[in-house]
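**Student:** Have a look at this one.
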Amino acid sequence: MKDAAPQTIHLKDYAPPAYLVDEVQLTFRLAPTATRVLSRIRFRPNPEAPSRDFFLHGEALTPIRAAIDGQEVRPEITEAGLTCAVPDAPFTWEAEVEISPRTNTALEGLYMSRGMYCTQCEAEGFRKITWYPDRPDVMAPFTVRIEGDAPVLLSNGNPVGMGEGWAEWHDPWPKPAYLFALVAGDLVARRDSFVTRSGRTVDLALWVRPGDEGKCAWGMEALKASMRWDEDRYGREYDLDVFNIVAVDDFNMGAMENKGLNIFNSAAVLASPETATDANFERIESIIAHEYFHNWTGNRITCRDWFQLCLKEGLTVFRDQEFTSDLRSAAVKRIEDVRMLRARQFPEDQGPLAHPVRPESYQEINNFYTATVYEKGAEVIGMLKRLVGDEGYAKALDLYFARHDGQACTIEDWLTVFEDATGRDLSQFGLWYSQAGTPRVSVEEAFENGTYTLTFEQRTPPTPGQEEKKPLVIPIAVGLLSPNGDEVVPTRVLEMTQARQSFTFEGLASKPVPSILRDFSAPVVLEREVPRAERAFLMAHDTDPFNRWEAARSLARESLIATIREGAAPDADWLDGLAAMLRDDTLDPAFRAQVLALPTQSELAQVLADRGHTPDPDAIHGAVEGLRDAMARHLADLAPHLYESMRVTGPYAPDAEQSGKRALGNAMLALISRRDDGALAARQYAEADNMTLALAALSCLLRVGRGSAELAAFHERWKDDRLVMDKWFALQVMEAKPESAAETAARLTEHPAFDWKNPNRFRAVLGALAGHHAGFHRADGAGYALLADWLIRLDPVNPQTAARMMTAFQTWRRYDAGRQAHAKAALERIAAKPGLSRDGAEMVGRMLG
Ligand code: BES
Ligand code: ZN
């Protein structure tokens, strides 16, 4: 159990390490409950350090022996690590400890997943393996010897030798301990190779359990595409002889970028057409890219301390977004990313968990792998690129790699590189890293004598611990359209730096229609009351695809709000505009499918709260259902034709073209199902030869109250495939009615296959409940109570996964007094749990304020 008294770590307290490490040698003698770890570490005093105190992190280690320069020592051991008297000169530390991977259910450090050994060390898991200065600014080359029965023994770097029961690996690139990895198990490899642009051949392998070989092809293709892309777009070449990826079933996150040995949640890498959806394939492609890209942005250049997490994560997310937009459709990718930002980051930035992209304090770093650090962190880089231009960005990145290779850096280093490369002063821009909250931008317009003026005002609401906000640099991409739909002023990036600021456009023949915040050029909320007709005009004519989508989306949103507030009928102009876009064959099907997606119910709740109303989840749910019915009626003639024309012939491919067609076809199926009682969906389900079509059909059936036979057949067919069974669990909760979602989830937790210690399975059921807006926020508090019960149960077993899911409660103050009381009671119940983890305690503490 962790220390009960919460300790807060502050950025301002950073001090360089007292000792640096020149070399690490590790030996693992693997055994499920008694693994021996022998370490031999060459330390040297750090001339830059203010103190000479020798401290090594270490948690839950059974000490066997320790020695300095061959002499046995008796260090002073505490819960968090050890101190010891050491020479004020280079010395060699040797230690032996015992650990128990089999009983490590937190999945941090060395643990076992169905008989296979594996590690997860980021952020602070290495200290559960041996004593070490477990901080990212201590970088060293590692040599690792593994002894064990498993046929496959892997670690970082290049293999240097192996024999019966042992293997040795050497990683020449200095790295922090969080990038250490070890895997041992009965695994099989899908192998391939890649020739780098300088002509070196890299052996690639994707290691999986026997039986999963058929699910590796896509991951391997994605890896090769990523390696090529990073060479072409960033000039970054891979730097070892081998690159290994391993799939594990029990993993807290999606994947991890350990040097030369990426470890993936099997859900984030394994796919076949029969078992994975198009969305899964796209996700796998981007996550493979993400972890691969970390080799330069994260590993070769790492973070000085965990406050700088966005240095690697924001940048690497930005890079994986660029990759996907190059490989697929840039417009559709931008829409997907903004939908995700609004669904996950905006609520965080506007609630009790708000924090800057670079936080200034934390209790548990695992709680700061957030949408703000990741997604807003990526948006900040996108803004930077927009401000300095493509060339400036390329120059800055070249300088970043040249100047900082092999170092552990800060956001200041990053911004200085941009200043030096482009000559810009980025001091005000730097506020994006330190100031939390989503800025609100309002707009006024004026037109006189051919001059059009846009006046913007920015305001960032207070966030916990930050009352006063300063004006930010906001790049606002604007284009102007003439009333006949021509673009009279192409996209121009206005640089807003003041609280209130005007920009003029001269020489216009008539008052233009503005298209503001094109391509979502900044992560802000645009507060502008736009007449419906103008939105409809932009929906039909905007030359910027993102803003065209945005216009449609905002019309749908306003229609829903009007229904919720006044019982208004669905907006007929929007429905007409929608039909026109759906009919337009020049538009990419994937884009048309995006136009059909309604705002999420949680987003509508936030809009209502922003406008001073108390959101009623049932009313929101009712309005969305009503609008979908109206869409089904309005598009009744079109939908069957479009459905037919989206049929894909030929072999399945998860590429942009085919998946776009399936997305639009499935969206039509959902509308048709509302009127044919699921007849077409039943047919699609019966005929489907891939998971994308099967799962969509099954969800349509469940939504219309049918599908129990199909659900049973699905179970029978897939009961031995964990990843598909996760879908089976999740779908039932997602498609449950609001009044029965909690009961459905509760019933599924009784299912013999509900292995709650597996994070994927836990998330499939409880995560799906948390994502079911009206089901989770049920008036009688049943949703809150069920989630709280399970989080209380999971916390001691796997605090990291439990704490992440507690964020489901972050919006609790939006709702009415009755719901608030239930949510508060649930949070207080979690808070009162004796022995609650540091992870959990920090989260509930922040949410209860
Ligand atoms: N470095 C992280 C994995 C990680 C996160 C380790 C938190 C320890 C604690 C990895 O690069 C990552 O960001 N993974 C993401 C997916 C990615 C595509 C954004 C994940 O696992 O969700
Ligand atoms: Zn990452």
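Following the order of the structure tokens, chains are lettered A, B, ..., residues in each are numbered from 1, and ligands are numbered from 1.
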What do you get as a list in words if you pick all residues at most 8 Å from ligand 1, counting only C-alpha atoms and all ligand atoms?

**Tutor:**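 Taking only C-alpha atoms and all ligand atoms into account, the residues around ligand 1 at most 8 Å away are Gln120, Cys121, Glu122, Ala123, Asn252, Met253, Gly254, Ala255, Met256, Glu257, Arg283, Ser286, Ile287, Ile288, Ala289, His290, Glu291, His294, Glu313, Thr316, Val317, Asp320, Asn366, Tyr369 and Tyr374 of chain A.
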
**Student:** As an MDAnalysis selection string, which residues of segment 70-274 of chain A does DSSP assign to helix (DSSP H, G or I)?

**Tutor:** chainID A and resid 101:103 126:128 177:179 213:215 217:234 266:268

**Student:** Those residues you just picked out, can you put them in a file as a CSV table (one decimal), in the first residue's frame with N, CA and C atoms?

**Tutor:**
```
chain,number,residue,atom,x,y,z
A,101,PRO,N,6.5,-11.2,-10.1
A,101,PRO,CA,5.7,-10.7,-11.2
A,101,PRO,C,4.3,-11.3,-11.2
A,102,ARG,N,4.1,-12.5,-10.8
A,102,ARG,CA,2.8,-13.1,-10.9
A,102,ARG,C,1.7,-12.4,-10.0
A,103,THR,N,2.1,-11.9,-8.9
A,103,THR,CA,1.2,-11.2,-8.0
A,103,THR,C,1.0,-9.7,-8.3
A,126,PHE,N,9.9,1.4,-13.2
A,126,PHE,CA,11.2,0.7,-13.2
A,126,PHE,C,11.6,0.5,-11.7
A,127,ARG,N,11.2,1.4,-10.8
A,127,ARG,CA,11.5,1.3,-9.4
A,127,ARG,C,10.9,0.1,-8.8
A,128,LYS,N,10.0,-0.6,-9.5
A,128,LYS,CA,9.4,-1.8,-8.9
A,128,LYS,C,10.2,-3.0,-9.5
A,177,ALA,N,15.3,5.0,-17.6
A,177,ALA,CA,14.8,3.7,-17.1
A,177,ALA,C,13.3,3.5,-17.6
A,178,TYR,N,12.6,4.5,-17.8
A,178,TYR,CA,11.2,4.3,-18.2
A,178,TYR,C,11.0,3.6,-19.5
A,179,LEU,N,12.1,3.6,-20.3
A,179,LEU,CA,12.1,3.0,-21.7
A,179,LEU,C,12.6,1.6,-21.6
A,213,GLU,N,-1.3,-15.5,-35.1
A,213,GLU,CA,-0.4,-15.1,-36.3
A,213,GLU,C,-1.2,-14.4,-37.4
A,214,GLY,N,-2.5,-14.8,-37.5
A,214,GLY,CA,-3.3,-14.3,-38.5
A,214,GLY,C,-3.8,-12.9,-38.3
A,215,LYS,N,-3.4,-12.3,-37.2
A,215,LYS,CA,-3.8,-10.9,-36.9
A,215,LYS,C,-2.7,-9.9,-37.0
A,217,ALA,N,-0.7,-9.0,-39.9
A,217,ALA,CA,-0.3,-8.4,-41.2
A,217,ALA,C,-0.4,-6.9,-41.2
A,218,TRP,N,-1.6,-6.4,-40.7
A,218,TRP,CA,-1.8,-5.0,-40.7
A,218,TRP,C,-0.8,-4.2,-39.9
A,219,GLY,N,-0.6,-4.7,-38.7
A,219,GLY,CA,0.4,-4.0,-37.8
A,219,GLY,C,1.8,-3.9,-38.5
A,220,MET,N,2.2,-4.9,-39.2
A,220,MET,CA,3.5,-4.9,-39.8
A,220,MET,C,3.5,-3.9,-41.0
A,221,GLU,N,2.4,-3.9,-41.7
A,221,GLU,CA,2.4,-2.9,-42.8
A,221,GLU,C,2.4,-1.5,-42.3
A,222,ALA,N,1.7,-1.3,-41.2
A,222,ALA,CA,1.7,0.1,-40.6
A,222,ALA,C,3.1,0.5,-40.1
A,223,LEU,N,3.8,-0.5,-39.5
A,223,LEU,CA,5.2,-0.2,-39.1
A,223,LEU,C,6.1,0.2,-40.2
A,224,LYS,N,6.0,-0.5,-41.3
A,224,LYS,CA,6.9,-0.1,-42.4
A,224,LYS,C,6.5,1.2,-43.0
A,225,ALA,N,5.2,1.5,-43.1
A,225,ALA,CA,4.7,2.8,-43.6
A,225,ALA,C,5.2,3.9,-42.6
A,226,SER,N,5.2,3.6,-41.3
A,226,SER,CA,5.6,4.6,-40.4
A,226,SER,C,7.1,4.9,-40.5
A,227,MET,N,7.9,3.9,-40.7
A,227,MET,CA,9.4,4.0,-40.8
A,227,MET,C,9.7,4.9,-42.1
A,228,ARG,N,9.0,4.6,-43.1
A,228,ARG,CA,9.2,5.3,-44.4
A,228,ARG,C,8.8,6.8,-44.2
A,229,TRP,N,7.6,7.0,-43.6
A,229,TRP,CA,7.1,8.3,-43.4
A,229,TRP,C,8.0,9.2,-42.6
A,230,ASP,N,8.6,8.6,-41.5
A,230,ASP,CA,9.4,9.5,-40.7
A,230,ASP,C,10.7,9.9,-41.4
A,231,GLU,N,11.1,9.0,-42.3
A,231,GLU,CA,12.3,9.4,-43.1
A,231,GLU,C,11.9,10.5,-44.1
A,232,ASP,N,10.8,10.3,-44.8
A,232,ASP,CA,10.4,11.3,-45.8
A,232,ASP,C,10.0,12.6,-45.2
A,233,ARG,N,9.3,12.6,-44.2
A,233,ARG,CA,8.7,13.9,-43.7
A,233,ARG,C,9.6,14.6,-42.6
A,234,TYR,N,10.3,13.8,-41.9
A,234,TYR,CA,11.1,14.4,-40.8
A,234,TYR,C,12.6,14.1,-40.9
A,266,SER,N,-2.9,-5.9,-26.9
A,266,SER,CA,-3.2,-6.7,-28.1
A,266,SER,C,-4.4,-6.0,-28.9
A,267,ALA,N,-5.3,-5.3,-28.1
A,267,ALA,CA,-6.3,-4.6,-28.8
A,267,ALA,C,-5.8,-3.5,-29.8
A,268,ALA,N,-4.6,-3.0,-29.5
A,268,ALA,CA,-4.1,-1.9,-30.3
A,268,ALA,C,-3.2,-2.4,-31.4
```

**Student:** Excluding Arg628 of chain A and any residue of its chain fewer than 4 positions from it, enumerate the residues within 10 Å of it, using only C-alpha atoms, and give them as a list in words.

**Tutor:**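 Returned residues: Pro570, Leu596, Leu598, Gly622, Ala623, Val624, Ala632, Arg633, His634, Ala670, Leu671 and Arg674 of chain A.
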
**Student:** Go ahead and dump the residues you just picked, C-alpha atoms, as a short mmCIF file (atom, residue, chain, number, x, y, z; two decimals), in the first residue's frame.

**Tutor:**
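For reference, part_13.cif as written:
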```
data_model
loop_
_atom_site.label_atom_id
_atom_site.label_comp_id
_atom_site.auth_asym_id
_atom_site.auth_seq_id
_atom_site.Cartn_x
_atom_site.Cartn_y
_atom_site.Cartn_z
CA PRO A 570 -36.10 19.40 -36.19
CA LEU A 596 -24.26 12.59 -40.36
CA LEU A 598 -24.69 14.19 -34.37
CA GLY A 622 -35.00 11.99 -26.22
CA ALA A 623 -34.08 14.88 -28.49
CA VAL A 624 -31.28 12.93 -30.15
CA ALA A 632 -34.73 8.50 -41.02
CA ARG A 633 -38.03 9.92 -42.30
CA HIS A 634 -36.51 12.77 -44.22
CA ALA A 670 -28.89 2.82 -38.94
CA LEU A 671 -31.50 5.15 -40.43
CA ARG A 674 -35.54 2.76 -37.60
#
```

**Student:** Of the candidates A:Glu79, A:Ile263, A:Ile9, A:Ser100, which shows the shortest atom-to-atom distance to ligand 2, using only C-alpha atoms and all ligand atoms?

**Tutor:**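 Between A:Glu79, A:Ile263, A:Ile9, A:Ser100, the residue approaching ligand 2 most closely is A:Ile263.
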
**Student:** Write out as number ranges by chain each polymer residue whose atoms come within 10 Å of segment 38-47 of chain A, counting only C-alpha atoms; drop sequence neighbours fewer than 3 positions from it.

**Tutor:** A: 16-29, 35, 50-54, 64-69, 86-98, 129-132, 140, 142-145

**Student:** Rounded to one decimal in Å, what is the spacing between atom CA of Ala639 of chain A and atom CA of Leu669 of chain A?

**Tutor:** 7.8 Å

**Student:** Please compute the atom CA of Leu311 of chain A-atom CA of Gln800 of chain A distance, one decimal, in Å.

**Tutor:**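 Atom CA of Gln800 of chain A lies 22.0 Å from atom CA of Leu311 of chain A.
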